[in-house]
$ cat work29.txt   # compact mmCIF, C-alpha atoms
# COMPACT_ATOMS: atom_id res chain seq x y z
CA MET A 1 175.27 93.40 101.32
CA MET A 2 177.37 96.36 100.26
CA LEU A 3 179.78 97.75 102.84
CA PHE A 4 181.33 101.19 103.05
CA GLN A 5 184.82 101.06 104.49
CA PRO A 6 186.10 104.49 105.51
CA MET A 7 189.56 105.78 104.78
CA GLN A 8 190.28 109.26 106.08
CA THR A 9 193.06 111.81 106.03
CA GLN A 10 192.90 115.50 106.83
CA ARG A 11 191.94 116.42 103.26
CA LEU A 12 190.37 113.22 101.93
CA HIS A 13 187.28 111.32 102.98
CA MET A 14 186.81 108.16 100.95
CA ARG A 15 184.71 105.04 100.99
CA GLU A 16 185.58 101.73 99.40
CA LEU A 17 182.51 99.91 98.15
CA THR A 18 182.75 96.18 98.68
CA LEU A 19 180.33 93.39 97.92
CA ALA A 20 181.03 89.86 99.16
CA HIS A 21 184.53 91.02 100.23
CA GLN A 22 185.33 92.22 96.69
CA LEU A 23 186.19 95.85 95.92
CA ILE A 24 183.63 97.09 93.38
CA GLY A 25 184.20 100.86 93.51
CA THR A 26 185.16 103.95 95.44
CA ALA A 27 183.52 107.21 96.33
CA GLY A 28 184.91 110.11 98.27
CA PHE A 29 185.69 113.75 98.79
CA HIS A 30 188.87 115.53 97.76
CA CYS A 31 189.93 119.16 97.37
CA TRP A 32 188.38 119.83 100.78
CA ASN A 33 189.14 123.16 102.35
CA PRO A 34 187.80 122.82 105.91
CA ASN A 35 188.77 126.41 106.74
CA GLY A 36 187.26 127.95 103.63
CA VAL A 37 184.30 130.27 103.73
CA PRO A 38 182.17 128.85 102.32
CA SER A 39 183.43 125.32 103.03
CA SER A 40 183.41 123.04 99.99
CA ALA A 41 184.78 119.79 98.60
CA GLU A 42 184.68 117.87 95.35
CA ILE A 43 183.06 114.45 95.28
CA GLY A 44 184.37 111.72 93.01
CA PHE A 45 183.25 108.17 92.35
CA ASP A 46 183.82 105.09 90.22
CA LEU A 47 182.17 101.69 90.02
CA ALA A 48 182.98 98.45 88.22
CA PRO A 49 180.87 98.30 85.02
CA SER A 50 179.19 95.02 86.00
CA TYR A 51 177.55 96.90 88.92
CA TRP A 52 176.25 99.89 86.93
CA GLY A 53 172.52 100.57 86.98
CA LYS A 54 171.84 98.81 90.29
CA GLY A 55 171.52 101.90 92.50
CA LEU A 56 174.70 101.11 94.44
CA MET A 57 176.49 104.37 93.67
CA GLN A 58 173.37 106.39 94.38
CA GLN A 59 173.23 104.77 97.83
CA ALA A 60 176.94 105.43 98.41
CA LEU A 61 176.74 109.08 97.33
CA LYS A 62 173.69 109.74 99.52
CA THR A 63 175.71 108.50 102.50
CA LEU A 64 178.71 110.67 101.55
CA ILE A 65 176.57 113.75 100.97
CA ARG A 66 175.03 113.37 104.45
CA MET A 67 178.55 113.07 105.85
CA GLY A 68 179.54 116.20 103.92
CA TRP A 69 176.72 118.21 105.46
CA ASN A 70 176.72 116.75 108.98
CA VAL A 71 180.35 115.85 109.72
CA MET A 72 182.45 117.98 107.38
CA LYS A 73 180.02 120.94 107.66
CA LEU A 74 180.24 121.69 103.92
CA ASP A 75 178.29 124.57 102.40
CA TRP A 76 178.45 123.11 98.90
CA ILE A 77 179.74 120.07 96.99
CA GLU A 78 181.13 120.04 93.46
CA ALA A 79 181.50 117.19 90.95
CA THR A 80 182.95 116.99 87.46
CA VAL A 81 181.83 114.55 84.77
CA GLU A 82 183.11 113.83 81.28
CA GLN A 83 180.72 114.79 78.47
CA GLU A 84 180.31 111.18 77.38
CA ASN A 85 179.42 109.86 80.84
CA ILE A 86 175.64 110.22 80.63
CA GLN A 87 174.96 107.76 83.48
CA SER A 88 177.02 109.78 85.98
CA GLN A 89 175.35 112.99 84.81
CA ARG A 90 171.93 111.44 85.42
CA LEU A 91 173.02 110.15 88.82
CA LEU A 92 174.15 113.61 89.95
CA GLU A 93 170.93 115.16 88.69
CA LYS A 94 168.88 112.57 90.64
CA LEU A 95 170.79 113.71 93.72
CA ASN A 96 169.81 117.36 93.00
CA PHE A 97 173.18 118.53 91.72
CA VAL A 98 172.86 121.43 89.29
CA LYS A 99 174.81 121.39 86.05
CA SER A 100 176.81 124.46 85.11
CA ASP A 101 175.98 125.99 81.74
CA GLU A 102 179.66 126.19 80.89
CA LEU A 103 181.84 123.28 79.75
CA LYS A 104 185.44 123.51 81.04
CA ASP A 105 188.31 121.27 79.94
CA GLY A 106 185.84 118.84 78.36
CA LEU A 107 184.06 118.37 81.70
CA PHE A 108 180.64 119.31 82.98
CA TYR A 109 180.67 120.90 86.43
CA TYR A 110 177.90 120.16 88.92
CA THR A 111 177.20 121.76 92.30
CA LEU A 112 175.00 120.87 95.23
CA HIS A 113 174.31 123.54 97.85
CA ARG A 114 173.29 122.92 101.43
CA LYS A 115 169.56 123.47 101.87

$ encode --input "work29.txt" --output "structure tokens"
Amino acid sequence: MMLFQPMQTQRLHMRELTLAHQLIGTAGFHCWNPNGVPSSAEIGFDLAPSYWGKGLMQQALKTLIRMGWNVMKLDWIEATVEQENIQSQRLLEKLNFVKSDELKDGLFYYTLHRK
């Protein structure tokens, strides 16, 4: 069973992903401006390679996105991905993030707007 262990500060909401009491990855929000109009944050994530392709990060990000909408009251969420990281690009697209047409600093930018 995978557990999400919250760590929270005023500007950072993060989850450690553990399996059998072993840290296997992290996922969380940073660059959150709770007083911004519209309110937004950037989501970031990483996972140990031996756990790739098992749907674990998709599950973790779905939980975080719900928290972003319902608890943090975000209007939109942003993510950046390196060009070479095809798996993370596919993951974001499965979660309905939209890829920007422009490449900045060697990164693709993705956004997800509240429905």

$ atom_distance --input "work29.txt" --atom1 "atom CA of Pro49 of chain A" --atom2 "atom CA of Thr80 of chain A"
19.0 Å

$ closest_residue --input "work29.txt" --among "A:Asp46, A:Ala60, A:Glu78, A:Gly25" --to "Ser100 of chain A" --atoms "all atoms listed in the file"
A:Glu78

$ residues_around --input "work29.txt" --residues "Gly44 of chain A" --least-positions-apart "4" --cutoff "8 Å" --atoms "all atoms listed in the file" --output "PyMOL selection string"
chain A and resi 27-30+79-80

$ atom_distance --input "work29.txt" --atom1 "atom CA of Val81 of chain A" --atom2 "atom CA of Leu107 of chain A"
5.4 Å

$ residues_around --input "work29.txt" --residues "Phe97 of chain A" --least-positions-apart "2" --cutoff "6 Å" --atoms "all atoms listed in the file" --output "PyMOL selection string"
chain A and resi 92-93+95+110-112

$ residues_around --input "work29.txt" --residues "Leu47 of chain A" --least-positions-apart "3" --cutoff "8 Å" --atoms "only C-alpha atoms" --output "mmCIF file with C-alpha atoms, in the coordinates of the input"
data_model
loop_
_atom_site.group_PDB
_atom_site.id
_atom_site.type_symbol
_atom_site.label_atom_id
_atom_site.label_comp_id
_atom_site.auth_asym_id
_atom_site.auth_seq_id
_atom_site.Cartn_x
_atom_site.Cartn_y
_atom_site.Cartn_z
ATOM 1 C CA ILE A 24 183.630 97.090 93.380
ATOM 2 C CA GLY A 25 184.200 100.860 93.510
ATOM 3 C CA THR A 26 185.160 103.950 95.440
ATOM 4 C CA TYR A 51 177.550 96.900 88.920
ATOM 5 C CA TRP A 52 176.250 99.890 86.930
ATOM 6 C CA MET A 57 176.490 104.370 93.670
#

$ residues_around --input "work29.txt" --residues "Ala41 of chain A" --least-positions-apart "5" --cutoff "6 Å" --atoms "all atoms listed in the file" --output "ChimeraX atom specification"
/A:30-32,77

$ write_last_selection --input "work29.txt" --atoms "C-alpha atoms" --output "PDB file, in the coordinates of the input"
ATOM      1  CA  HIS A  30     188.870 115.530  97.760  1.00  0.00           C
ATOM      2  CA  CYS A  31     189.930 119.160  97.370  1.00  0.00           C
ATOM      3  CA  TRP A  32     188.380 119.830 100.780  1.00  0.00           C
ATOM      4  CA  ILE A  77     179.740 120.070  96.990  1.00  0.00           C
TER       5      ILE A  77
END

$ closest_residue --input "work29.txt" --among "A:Lys94, A:His113, A:Gln89, A:Glu82" --to "Gln59 of chain A" --atoms "only C-alpha atoms"
A:Lys94

$ residues_around --input "work29.txt" --residues "segment 62-75 of chain A" --least-positions-apart "4" --cutoff "6 Å" --atoms "all atoms listed in the file" --output "list of chain:residue names"
A:Pro38, A:Ser39, A:Ser40, A:Arg114

$ atom_distance --input "work29.txt" --atom1 "atom CA of Phe108 of chain A" --atom2 "atom CA of Gly55 of chain A"
21.8 Å

$ axis_aligned_box --input "work29.txt" --around "segment 84-93 of chain A" --padding-each-side "8 Å" --output "JSON"
{"center_x": 175.6, "center_y": 111.5, "center_z": 83.7, "size_x": 25.4, "size_y": 23.4, "size_z": 28.6}

$ closest_residue --input "work29.txt" --among "A:Ser88, A:Ile43, A:Asn35, A:Gln58" --to "Leu17 of chain A" --atoms "all atoms listed in the file"
A:Gln58
